Amino acid sequence: MNRRGFLKTFLSVVGVAAVAPAFVQSAYAQKKRGESAPAAGSAAAGGTVMVDPNDSVAKAVKYVEDHNKAPEAKGNHCSTCGFYKKTGMNAGKEVGSCTIFAGKHVVGNGWCASWNKKA
Ligand code: SF4
């Protein structure tokens, strides 16, 4: 990874770290009130919680579930990202964990601005 790539990744992770506590607190309050998660962030079969592209953290890193809808992706996608680890299938799509979205899963065909080529 070159210096520019490192800085880009570092700033993205720091940005997520700054936003994540508020997101977690909101999710905890929602759970405490007995409310269910929104559809896009809903639990898939087996309890896998998918990242909602509309949540604040996802928006901060420009996450999309289809890399073809993000011209900046330039053909790159989550399944070729160093932060991604395949965990299985959900509704016919490959899904996996992502270091940036702890406890949630992203679509293998997705992409975000923190994409970093798998070593
Ligand atoms: S491109 Fe990489 S960092 Fe971004 S959501 Fe996908 S796996 Fe995570």
# chains A, B, ... in the order shown; residues from 1 in each chain; ligands from 1
$ closest_atom_pairs --of "chain A" --to "ligand 1" --cutoff "10 Å" --atoms "only C-alpha atoms and all ligand atoms" --output "Markdown table"
| residue | atom | partner | partner_atom_place_in_ligand_line | distance |
| --- | --- | --- | --- | --- |
| A:Thr9 | CA | ligand 1 | 3 (S) | 8.5 |
| A:Ser12 | CA | ligand 1 | 3 (S) | 9.0 |
| A:Val13 | CA | ligand 1 | 3 (S) | 9.1 |
| A:Val51 | CA | ligand 1 | 5 (S) | 8.8 |
| A:Pro53 | CA | ligand 1 | 5 (S) | 9.8 |
| A:Ala58 | CA | ligand 1 | 5 (S) | 7.9 |
| A:Val61 | CA | ligand 1 | 4 (Fe) | 7.3 |
| A:Lys62 | CA | ligand 1 | 4 (Fe) | 8.5 |
| A:Tyr63 | CA | ligand 1 | 5 (S) | 5.9 |
| A:Val64 | CA | ligand 1 | 5 (S) | 8.0 |
| A:Glu65 | CA | ligand 1 | 5 (S) | 8.7 |
| A:His67 | CA | ligand 1 | 1 (S) | 8.9 |
| A:Ala73 | CA | ligand 1 | 1 (S) | 8.7 |
| A:Asn76 | CA | ligand 1 | 1 (S) | 7.8 |
| A:His77 | CA | ligand 1 | 1 (S) | 5.6 |
| A:Cys78 | CA | ligand 1 | 6 (Fe) | 3.6 |
| A:Ser79 | CA | ligand 1 | 7 (S) | 6.5 |
| A:Thr80 | CA | ligand 1 | 2 (Fe) | 7.7 |
| A:Cys81 | CA | ligand 1 | 2 (Fe) | 4.6 |
| A:Gly82 | CA | ligand 1 | 2 (Fe) | 6.4 |
| A:Phe83 | CA | ligand 1 | 7 (S) | 4.8 |
| A:Tyr84 | CA | ligand 1 | 7 (S) | 4.1 |
| A:Lys85 | CA | ligand 1 | 7 (S) | 7.6 |
| A:Lys86 | CA | ligand 1 | 7 (S) | 9.5 |
| A:Val95 | CA | ligand 1 | 7 (S) | 9.7 |
| A:Gly96 | CA | ligand 1 | 7 (S) | 7.8 |
| A:Ser97 | CA | ligand 1 | 7 (S) | 7.2 |
| A:Cys98 | CA | ligand 1 | 8 (Fe) | 4.5 |
| A:Thr99 | CA | ligand 1 | 8 (Fe) | 6.3 |
| A:Ile100 | CA | ligand 1 | 8 (Fe) | 5.7 |
| A:Phe101 | CA | ligand 1 | 8 (Fe) | 6.9 |
| A:Ala102 | CA | ligand 1 | 8 (Fe) | 9.8 |
| A:His105 | CA | ligand 1 | 5 (S) | 8.6 |
| A:Val106 | CA | ligand 1 | 5 (S) | 6.1 |
| A:Val107 | CA | ligand 1 | 6 (Fe) | 7.5 |
| A:Gly108 | CA | ligand 1 | 6 (Fe) | 7.2 |
| A:Asn109 | CA | ligand 1 | 6 (Fe) | 8.2 |
| A:Gly110 | CA | ligand 1 | 6 (Fe) | 5.8 |
| A:Trp111 | CA | ligand 1 | 1 (S) | 4.1 |
| A:Cys112 | CA | ligand 1 | 4 (Fe) | 3.9 |
| A:Ala113 | CA | ligand 1 | 4 (Fe) | 6.1 |
| A:Ser114 | CA | ligand 1 | 3 (S) | 4.7 |
| A:Trp115 | CA | ligand 1 | 1 (S) | 3.8 |
| A:Asn116 | CA | ligand 1 | 2 (Fe) | 6.2 |
| A:Lys117 | CA | ligand 1 | 2 (Fe) | 8.4 |
| A:Lys118 | CA | ligand 1 | 2 (Fe) | 9.0 |
$ atom_distance --atom1 "atom CA of A:Asn54" --atom2 "atom CA of A:Glu72"
18.2 Å
$ atom_distance --atom1 "atom CA of A:Gly75" --atom2 "atom CA of A:Met50"
21.8 Å
$ closest_residue --among "A:Thr48, A:Lys104, A:Ala119, A:Ala70" --to "A:Ala91" --atoms "only C-alpha atoms"
A:Thr48
